[in-house]
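Listing of model-v2.cif, mmCIF, C-alpha atoms
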data_run
loop_
_atom_site.label_atom_id
_atom_site.label_comp_id
_atom_site.auth_asym_id
_atom_site.auth_seq_id
_atom_site.Cartn_x
_atom_site.Cartn_y
_atom_site.Cartn_z
CA MET A 1 138.12 -196.82 122.89
CA PRO A 2 137.22 -194.18 125.54
CA ASP A 3 133.66 -192.82 125.78
CA ARG A 4 134.66 -189.27 125.12
CA CYS A 5 137.37 -187.58 123.15
CA PRO A 6 140.54 -188.01 125.19
CA ARG A 7 141.56 -184.51 124.18
CA GLY A 8 138.35 -182.94 125.43
CA PHE A 9 137.14 -181.81 122.00
CA ASP A 10 133.57 -180.51 121.80
CA GLU A 11 131.99 -183.50 120.06
CA ARG A 12 128.76 -181.65 119.30
CA LEU A 13 130.65 -179.91 116.52
CA LEU A 14 130.92 -183.25 114.74
CA SER A 15 127.18 -183.30 114.07
CA GLY A 16 127.28 -179.75 112.81
CA TYR A 17 130.26 -180.72 110.64
CA LEU A 18 128.34 -183.64 109.14
CA ASP A 19 125.38 -181.42 108.33
CA GLY A 20 127.44 -178.56 106.95
CA GLU A 21 126.03 -176.24 109.59
CA LEU A 22 129.26 -174.92 111.13
CA THR A 23 130.93 -171.58 110.67
CA GLN A 24 134.07 -171.62 108.59
CA GLY A 25 136.20 -171.31 111.73
CA ASP A 26 134.55 -174.23 113.52
CA GLU A 27 134.70 -176.36 110.39
CA GLN A 28 138.43 -175.71 110.20
CA ARG A 29 138.83 -176.65 113.87
CA VAL A 30 137.05 -179.96 113.29
CA THR A 31 139.09 -180.74 110.19
CA VAL A 32 142.36 -180.12 112.02
CA HIS A 33 141.25 -182.11 115.06
CA LEU A 34 140.14 -185.10 113.00
CA GLU A 35 143.62 -185.44 111.48
CA SER A 36 145.03 -186.44 114.85
CA CYS A 37 142.12 -187.97 116.80
CA PRO A 38 141.14 -191.59 116.01
CA HIS A 39 138.31 -191.45 118.57
CA CYS A 40 136.52 -188.56 116.88
CA LYS A 41 137.29 -189.97 113.43
CA GLU A 42 135.55 -193.23 114.36
CA LEU A 43 132.64 -191.39 115.98
CA LEU A 44 132.22 -189.25 112.87
CA ALA A 45 132.27 -192.32 110.60
CA ASP A 46 129.58 -194.03 112.69
CA LEU A 47 127.41 -190.93 112.81
CA ASP A 48 127.78 -190.49 109.07
CA ARG A 49 126.81 -194.11 108.35
CA ASN A 50 123.75 -193.91 110.61
CA ARG A 51 122.74 -190.55 109.20
CA GLU A 52 122.93 -191.84 105.64
CA ALA A 53 120.87 -194.90 106.56
CA THR A 54 118.26 -192.70 108.20
CA MET A 55 118.11 -190.16 105.40
CA SER A 56 117.81 -192.86 102.76
CA THR A 57 114.84 -194.47 104.48
CA ARG A 58 111.70 -194.08 102.42
CA PHE A 59 108.28 -194.45 103.95
CA THR A 60 105.13 -195.37 102.12
CA PRO A 61 101.86 -194.31 103.73
CA PRO A 62 99.26 -197.05 104.10
CA PRO A 63 96.71 -197.31 101.31
CA ASP A 64 93.84 -196.56 103.67
CA LEU A 65 95.15 -193.08 104.47
CA GLN A 66 92.13 -191.00 103.60
CA TRP A 67 90.83 -187.75 104.84
CA ASP A 68 87.22 -187.38 103.89
CA GLU A 69 86.52 -184.20 105.79
CA LEU A 70 88.03 -181.98 103.13
CA PRO A 71 87.43 -180.20 100.96
CA ARG A 72 84.56 -178.59 102.77
CA SER A 73 82.77 -176.06 100.68
CA GLY A 74 82.11 -172.60 101.99
CA GLY A 75 78.38 -173.35 101.76
CA SER A 76 78.50 -176.37 104.07
CA LEU A 77 80.62 -174.47 106.60
CA LEU A 78 78.11 -171.60 106.55
CA LEU A 79 75.18 -173.98 107.07
CA ARG A 80 76.98 -175.71 109.93
CA ARG A 81 77.69 -172.43 111.68
CA LEU A 82 74.11 -171.29 111.18
CA GLY A 83 72.87 -174.60 112.59
CA TRP A 84 74.95 -174.21 115.73
CA TRP A 85 73.81 -170.61 116.19
CA LEU A 86 70.19 -171.73 116.02
CA ALA A 87 70.66 -174.88 118.11
CA ALA A 88 72.39 -173.10 121.00
CA PRO A 89 69.57 -170.65 121.86
CA TRP A 90 67.01 -173.40 121.26
CA LEU A 91 68.72 -175.54 123.91
CA VAL A 92 68.81 -172.61 126.32
CA LEU A 93 65.11 -171.87 125.71
CA VAL A 94 64.06 -175.49 126.22
CA ALA A 95 66.15 -175.80 129.39
CA GLY A 96 64.83 -172.48 130.70
CA TYR A 97 61.24 -173.46 129.98
CA GLY A 98 61.75 -176.80 131.73
CA LEU A 99 63.22 -175.07 134.78
CA TRP A 100 60.34 -172.58 134.84
CA GLU A 101 57.77 -175.36 134.72
CA ALA A 102 59.58 -177.29 137.44
CA TRP A 103 59.75 -174.18 139.64
CA ARG A 104 56.02 -173.54 139.19
CA GLY A 105 55.35 -177.13 140.20
CA VAL A 106 53.43 -177.81 137.01
CA ALA A 107 55.89 -180.38 135.66
CA GLY A 108 55.49 -184.03 136.55
CA ALA A 109 58.25 -186.27 137.90
CA PHE A 110 59.23 -187.50 134.44
CA ASP A 111 59.45 -183.94 133.07
CA ARG A 112 61.62 -182.93 136.01
CA ILE A 113 63.99 -185.83 135.43
CA LEU A 114 64.27 -184.87 131.76
CA THR A 115 64.88 -181.21 132.61
CA PHE A 116 67.45 -181.67 135.36
CA GLY A 117 69.14 -184.56 133.57
CA GLY A 118 69.51 -182.48 130.42
CA ILE A 119 70.75 -179.42 132.27
CA THR A 120 73.23 -181.47 134.29
CA ALA A 121 74.55 -183.05 131.09
CA LEU A 122 74.97 -179.62 129.48
CA VAL A 123 76.76 -178.25 132.54
CA LEU A 124 79.13 -181.25 132.61
CA LEU A 125 79.88 -180.86 128.91
CA PHE A 126 80.50 -177.15 129.38
CA LEU A 127 82.84 -177.80 132.32
CA SER A 128 84.80 -180.44 130.41
CA VAL A 129 85.37 -178.02 127.51
CA LEU A 130 86.25 -175.25 129.96
CA PHE A 131 88.86 -177.40 131.72
CA ASP A 132 90.41 -178.39 128.38
CA ARG A 133 90.56 -174.76 127.28
CA LEU A 134 92.15 -173.67 130.56
CA ARG A 135 94.75 -176.43 130.31
CA ASP A 136 95.51 -175.53 126.69
CA ALA A 137 95.86 -171.88 127.59
CA ARG A 138 98.58 -172.85 130.04
CA THR A 139 100.41 -175.50 128.05
CA ASP A 140 99.75 -175.17 124.34
CA ARG A 141 102.81 -173.60 122.75
CA TYR A 142 100.99 -173.13 119.50
CA ARG A 143 98.31 -170.79 120.73
CA GLU A 144 98.31 -168.69 117.60
CA VAL A 145 96.84 -171.54 115.61
CA LYS A 146 93.08 -171.64 115.85
CA ARG A 147 91.49 -175.02 116.37
CA MET B 1 103.59 -194.02 96.23
CA THR B 2 106.58 -192.45 97.90
CA LEU B 3 106.28 -189.11 99.58
CA THR B 4 107.91 -186.31 97.70
CA ALA B 5 107.87 -182.58 98.18
CA PRO B 6 106.35 -180.36 95.54
CA ASP B 7 108.77 -179.33 92.85
CA ALA B 8 108.97 -175.79 94.09
CA PRO B 9 107.67 -173.61 96.90
CA ALA B 10 105.76 -171.84 94.16
CA LEU B 11 103.53 -174.88 93.83
CA GLU B 12 102.78 -174.80 97.56
CA ARG B 13 101.91 -171.12 97.31
CA GLN B 14 99.67 -171.85 94.34
CA TRP B 15 97.80 -174.51 96.29
CA VAL B 16 97.47 -172.37 99.40
CA ASP B 17 96.28 -169.35 97.44
CA GLY B 18 93.84 -171.48 95.48
CA ALA B 19 92.49 -173.13 98.63
CA ARG B 20 91.97 -169.74 100.25
CA GLU B 21 90.03 -168.54 97.24
CA GLY B 22 87.77 -171.58 97.33
CA ASP B 23 89.37 -173.54 94.48
CA VAL B 24 88.24 -177.10 95.25
CA ALA B 25 90.94 -178.76 93.14
CA ALA B 26 93.72 -176.78 94.82
CA ARG B 27 92.24 -177.54 98.22
CA GLU B 28 92.14 -181.24 97.43
CA GLN B 29 95.74 -181.28 96.24
CA LEU B 30 96.88 -179.33 99.27
CA ALA B 31 94.94 -181.64 101.57
CA GLN B 32 96.37 -184.76 99.98
CA PHE B 33 99.95 -183.49 100.08
CA CYS B 34 99.77 -182.13 103.61
CA HIS B 35 97.93 -185.14 104.98
CA ARG B 36 100.69 -187.45 103.80
CA LEU B 37 103.40 -185.16 105.17
CA ALA B 38 101.58 -184.89 108.48
CA PHE B 39 101.14 -188.65 108.68
CA LEU B 40 104.82 -189.23 107.99
CA ALA B 41 105.98 -186.71 110.59
CA ALA B 42 103.50 -188.10 113.13
CA LEU B 43 104.63 -191.65 112.45
CA GLN B 44 108.26 -190.75 112.94
CA LEU B 45 107.50 -188.93 116.17
CA SER B 46 105.09 -191.42 117.68
CA GLY B 47 106.31 -194.68 116.17
CA ASN B 48 102.73 -195.92 116.03
CA ARG B 49 100.65 -196.13 112.86
CA GLU B 50 97.27 -195.61 114.54
CA ASP B 51 98.52 -192.67 116.57
CA ALA B 52 100.03 -191.23 113.40
CA LYS B 53 96.69 -191.46 111.63
CA ASP B 54 94.89 -189.72 114.47
CA LEU B 55 97.56 -187.06 114.77
CA ALA B 56 97.54 -186.44 111.02
CA GLN B 57 93.75 -186.01 111.08
CA ASP B 58 93.94 -183.53 113.93
CA ALA B 59 96.82 -181.73 112.27
CA MET B 60 94.82 -181.29 109.11
CA VAL B 61 91.92 -179.76 111.01
CA ARG B 62 94.29 -177.28 112.65
CA PHE B 63 96.17 -176.67 109.44
CA PHE B 64 93.09 -175.72 107.45
CA ALA B 65 91.63 -173.75 110.34
CA SER B 66 94.76 -171.60 110.37
CA LEU B 67 95.32 -171.51 106.62
CA ASP B 68 94.24 -167.89 106.33
CA ARG B 69 97.00 -166.91 108.72
CA PHE B 70 99.72 -168.83 106.96
CA ASP B 71 102.42 -166.62 105.46
CA THR B 72 102.91 -167.89 101.90
CA GLY B 73 106.31 -166.23 101.85
CA ARG B 74 107.55 -168.94 104.19
CA PRO B 75 107.92 -172.68 103.58
CA LEU B 76 104.92 -174.82 104.29
CA ARG B 77 106.56 -177.90 105.81
CA PRO B 78 107.90 -176.28 109.02
CA TRP B 79 104.45 -174.81 109.66
CA LEU B 80 102.83 -178.21 109.28
CA PHE B 81 105.50 -180.00 111.31
CA ARG B 82 105.05 -177.53 114.11
CA ILE B 83 101.36 -178.32 114.25
CA VAL B 84 102.06 -182.07 114.27
CA ARG B 85 104.75 -181.73 116.90
CA ASN B 86 102.53 -179.66 119.21
CA LEU B 87 99.65 -182.08 118.82
CA TYR B 88 102.01 -184.94 119.61
CA ARG B 89 103.21 -183.13 122.73
CA ASP B 90 99.60 -182.53 123.76
CA ARG B 91 98.86 -186.22 123.40
CA LEU B 92 101.93 -187.19 125.37
CA ARG B 93 100.81 -184.95 128.18
CA ARG B 94 97.41 -186.59 128.12
CA ARG B 95 99.12 -190.01 127.90
CA ARG B 96 97.08 -190.93 124.87
CA ILE B 97 100.01 -192.26 122.86
CA ARG B 98 100.01 -195.99 122.27
CA ARG B 99 103.15 -198.00 122.64
CA THR B 100 105.43 -198.28 119.66
CA SER B 101 104.36 -200.77 117.05
CA SER B 102 106.32 -202.55 114.40
CA LEU B 103 106.41 -201.06 110.94
CA ASP B 104 105.62 -204.47 109.53
CA ASP B 105 101.97 -204.30 110.38
CA ASP B 106 100.10 -207.23 108.89
CA GLU B 107 97.11 -205.31 107.58
CA HIS B 108 98.52 -202.09 106.23
CA PRO B 109 102.30 -202.21 106.10
CA VAL B 110 104.25 -199.00 106.28
CA GLN B 111 107.16 -199.92 104.09
CA MET B 112 110.76 -198.93 104.42
CA GLN B 113 112.84 -199.09 101.29
CA VAL B 114 116.53 -198.75 100.64
CA ALA B 115 116.79 -195.78 98.32
CA ASP B 116 120.19 -196.64 96.86
CA GLY B 117 119.32 -198.81 93.89
CA ALA B 118 122.94 -199.25 92.79
CA ALA B 119 124.07 -201.07 95.94
CA SER B 120 124.73 -204.81 95.99
CA PRO B 121 122.13 -207.14 97.55
CA GLU B 122 124.39 -207.64 100.59
CA ASP B 123 124.80 -203.91 101.03
CA CYS B 124 121.07 -203.46 100.67
CA THR B 125 120.38 -206.08 103.32
CA ALA B 126 122.88 -204.53 105.71
CA ARG B 127 121.51 -201.04 105.06
CA HIS B 128 117.95 -202.21 105.55
CA GLU B 129 118.87 -203.89 108.82
CA LEU B 130 120.58 -200.71 110.00
CA GLN B 131 117.52 -198.67 109.03
CA ARG B 132 115.30 -201.03 110.97
CA ILE B 133 117.47 -200.89 114.09
CA LEU B 134 117.71 -197.11 113.91
CA TRP B 135 113.94 -196.86 113.54
CA GLU B 136 113.28 -199.10 116.52
CA GLU B 137 115.85 -197.35 118.69
CA LEU B 138 114.58 -193.93 117.67
CA GLN B 139 111.37 -194.68 119.53
CA GLN B 140 113.31 -195.48 122.69
CA ILE B 141 115.18 -192.21 123.10
CA PRO B 142 113.64 -189.30 125.02
CA THR B 143 111.16 -187.15 123.11
CA HIS B 144 113.20 -183.95 123.14
CA TYR B 145 116.08 -185.74 121.42
CA ARG B 146 113.85 -187.78 119.13
CA GLU B 147 112.01 -184.80 117.66
CA VAL B 148 115.28 -183.09 116.70
CA VAL B 149 116.62 -186.28 115.08
CA VAL B 150 113.35 -186.73 113.18
CA LEU B 151 113.31 -183.17 111.91
CA ARG B 152 116.94 -183.28 110.81
CA ASP B 153 117.64 -186.85 109.71
CA TYR B 154 114.22 -187.95 108.49
CA GLN B 155 112.73 -184.67 107.36
CA ASP B 156 115.99 -183.06 106.21
CA LEU B 157 115.31 -179.65 107.73
CA ALA B 158 118.06 -177.12 108.38
CA TYR B 159 119.07 -176.28 111.95
CA SER B 160 117.54 -172.83 111.63
CA GLU B 161 114.18 -174.31 110.58
CA ILE B 162 114.28 -176.83 113.43
CA ALA B 163 115.11 -174.03 115.85
CA ARG B 164 112.07 -172.10 114.63
CA ILE B 165 109.74 -175.08 114.88
CA LEU B 166 110.86 -176.05 118.37
CA ARG B 167 111.50 -172.52 119.53
CA LEU B 168 114.99 -173.40 120.65
CA PRO B 169 118.34 -171.68 120.19
CA ARG B 170 120.30 -173.08 117.27
CA GLY B 171 123.07 -174.27 119.59
CA THR B 172 120.57 -176.31 121.61
CA VAL B 173 119.33 -177.91 118.40
CA MET B 174 122.89 -178.99 117.59
CA SER B 175 123.46 -180.29 121.14
CA ARG B 176 120.24 -182.29 121.21
CA LEU B 177 120.80 -183.63 117.74
CA HIS B 178 124.28 -184.82 118.62
CA ARG B 179 123.10 -186.35 121.88
CA GLY B 180 120.27 -188.16 120.11
CA ARG B 181 122.60 -189.42 117.40
CA GLN B 182 125.04 -190.66 120.01
CA MET B 183 122.26 -192.57 121.77
CA LEU B 184 121.34 -194.20 118.47
CA ARG B 185 124.97 -195.01 117.78
CA SER B 186 125.36 -196.63 121.21
CA ALA B 187 122.22 -198.69 120.61
CA VAL B 188 123.38 -199.82 117.17
CA ARG B 189 126.76 -200.87 118.53
CA ARG B 190 125.14 -202.66 121.43
CA ARG B 191 122.86 -204.62 119.12
CA ALA B 192 125.72 -205.36 116.77
CA GLY B 193 127.60 -206.95 119.67
CA SER B 194 130.17 -204.22 120.07
CA PRO B 195 130.84 -203.00 123.58
CA ALA B 196 128.16 -200.42 124.26
CA GLU B 197 129.35 -196.98 125.06
CA GLU B 198 128.39 -195.47 128.32
CA ASP B 199 125.08 -193.64 128.04
CA ASP B 200 125.60 -190.39 129.88
CA ASP B 201 122.21 -188.76 129.56
CA ALA B 202 122.61 -186.82 132.76
#

Any chance you could give the structure as structure tokens?
Amino acid sequence: MPDRCPRGFDERLLSGYLDGELTQGDEQRVTVHLESCPHCKELLADLDRNREATMSTRFTPPPDLQWDELPRSGGSLLLRRLGWWLAAPWLVLVAGYGLWEAWRGVAGAFDRILTFGGITALVLLFLSVLFDRLRDARTDRYREVKR
Amino acid sequence: MTLTAPDAPALERQWVDGAREGDVAAREQLAQFCHRLAFLAALQLSGNREDAKDLAQDAMVRFFASLDRFDTGRPLRPWLFRIVRNLYRDRLRRRRIRRTSSLDDDEHPVQMQVADGAASPEDCTARHELQRILWEELQQIPTHYREVVVLRDYQDLAYSEIARILRLPRGTVMSRLHRGRQMLRSAVRRRAGSPAEEDDDA
């Protein structure tokens, strides 16, 4: 049996034929062609058998499939947002105060390590999020969906 | 429990509307239904149970974050599948997808069943074997063919819906679907001992 239809028929139409997705004209073309082409007839039979096996497969999710994050109430979401809005300026204030103390020379070695370590960590976290966002902006084809 | 779609799109709309208005029961039902759908789609795309769980979790976060923008006049499944598919693509790009695992996981099996209850035991065995081979080979074909086969043959979506999800012309959907099916056919014949057909994926 040759790999392709010996009569050069467009075999893609066979899939559309199986799925009932062809125009009336194309469906007629396939029907007529199948009457005289054993290659395409066999291909169609195989595709049909595989398709039926696939479509009749039933999956059962595992019993441990749980999603505990929902439902979130509007109240908890509001509190979370409020918490972040308060935490962000607090972090900036603490970091700024630490920098100010270090610049004045009042802070000891331990305080300086805490200040610069914390600021460096924040900058690294910020950069990592920034890089992810930039990459997503270039590649994510589903930009309209908010994270 | 086998996954089934809601009886009518009206039920989906009811859940979505209820969830938007803060109805906890509707939100729970929507979350349960969508989480299972997302897991199934993710499993079929990734072929890995753990990846599917992670993808389904992420998909749910995105789904509920964008719920207010969902058009209830349109079907829910394509919207959800699109989220899962894009998350899967993201993970592929980051190479965070594990290798394919067997469905017969010892701890939490993901079962495949032959739906045709009237078939003889021999037919059932043969059908089950074919399903298993098709599942294993599905994970071996390139992603852009696999996702079309999954959406059509496992999720039973129309070409027009697949075209919308993947943002492809309808003709390309048909081409990729046929090419993917032919790859699966070649693999099945090869494993059955028949002479394998030439794989011309050029």

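Counting all atoms listed in the file, the residue from A:Leu91, A:Ala107, A:Arg29, A:Asp19 that sits nearest to Met55 of chain A is A:Asp19.
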
**OP:** Identify which of the residues A:Asp46, A:Glu35, A:Asp132, A:Asp10 lies closest to chain B, counting all atoms listed in the file when measuring atom-to-atom distances.
**Re:** A:Asp46

**OP:** Could you state which residues are captured by the PyMOL selection byres ((chain A and resi 113-116) around 9) in this file, as a ChimeraX atom specification?
**Re:** /A:94-99,102,108-112,117-121

Subject >> Exercise: residues within 10 Å of coordinate (104.4, -181.7, 121.2), counting all atoms listed in the file, as a list in words >> reply: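 Within 10 Å of (104.4, -181.7, 121.2), the protein and nucleic acid residues are Asp140, Arg141 and Tyr142 of chain A; Leu45, Arg82, Ile83, Val84, Arg85, Asn86, Leu87, Tyr88, Arg89, Asp90, Arg91, Leu92, Arg93, Thr143, His144, Glu147 and Leu166 of chain B.
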
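Residue selection for this entry, given the PyMOL selection byres ((chain A and resi 22) around 12), comprises Arg12, Leu13, Leu14, Ser15, Gly16, Tyr17, Leu18, Asp19, Gly20, Glu21, Thr23, Gln24, Gly25, Asp26, Glu27, Gln28, Arg29, Val30 and Thr31 of chain A; Ala158, Tyr159, Ser160, Arg170, Gly171 and Met174 of chain B.
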
Subject >> Picked residues, the PyMOL selection byres ((chain B and resi 75) around 10), expected as an MDAnalysis selection string >> reply: chainID B and resid 9:10 12:13 70:74 76:80 161

Mind giving me the axis-aligned box for segment 39-44 of chain B with 3 Å on every side, centre plus edges in Å to one decimal, as JSON?
{"center_x": 104.7, "center_y": -189.2, "center_z": 110.6, "size_x": 13.1, "size_y": 10.9, "size_z": 11.1}

Original post:
atom CA of Leu177 of chain B and atom CA of Asp156 of chain B are how many Å apart?
Top reply: 12.5 Å

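Picture a line from atom CA of Cys5 of chain A to atom CA of His39 of chain A; it runs 6.1 Å.
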
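Shortest separation to chain A among B:Leu130, B:Leu11, B:Ala187, B:Ala42 occurs at residue B:Leu130, atoms counted being only C-alpha atoms.
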
**OP:** Measuring atom to atom with all atoms listed in the file, identify which of B:Asp68, B:Glu28, B:Asp58, B:Glu50 is nearest to Pro62 of chain A.
**Re:**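 Ranking B:Asp68, B:Glu28, B:Asp58, B:Glu50 by distance to Pro62 of chain A, first place goes to B:Glu50.
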
Subject >> All residues 12 Å or closer to Leu67 of chain B, only C-alpha atoms, same chain fewer than 5 positions away omitted, as a VMD selection string >> reply: (chain A and resid 144 to 147) or (chain B and resid 13 15 to 22 27 30 to 31 34 59 to 62 72 76 79 to 80 83)

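Each of B:Glu122, B:Val148, B:Pro142, B:Gln32 was checked against chain A using all atoms listed in the file; the smallest atom-to-atom distance is that of B:Gln32.
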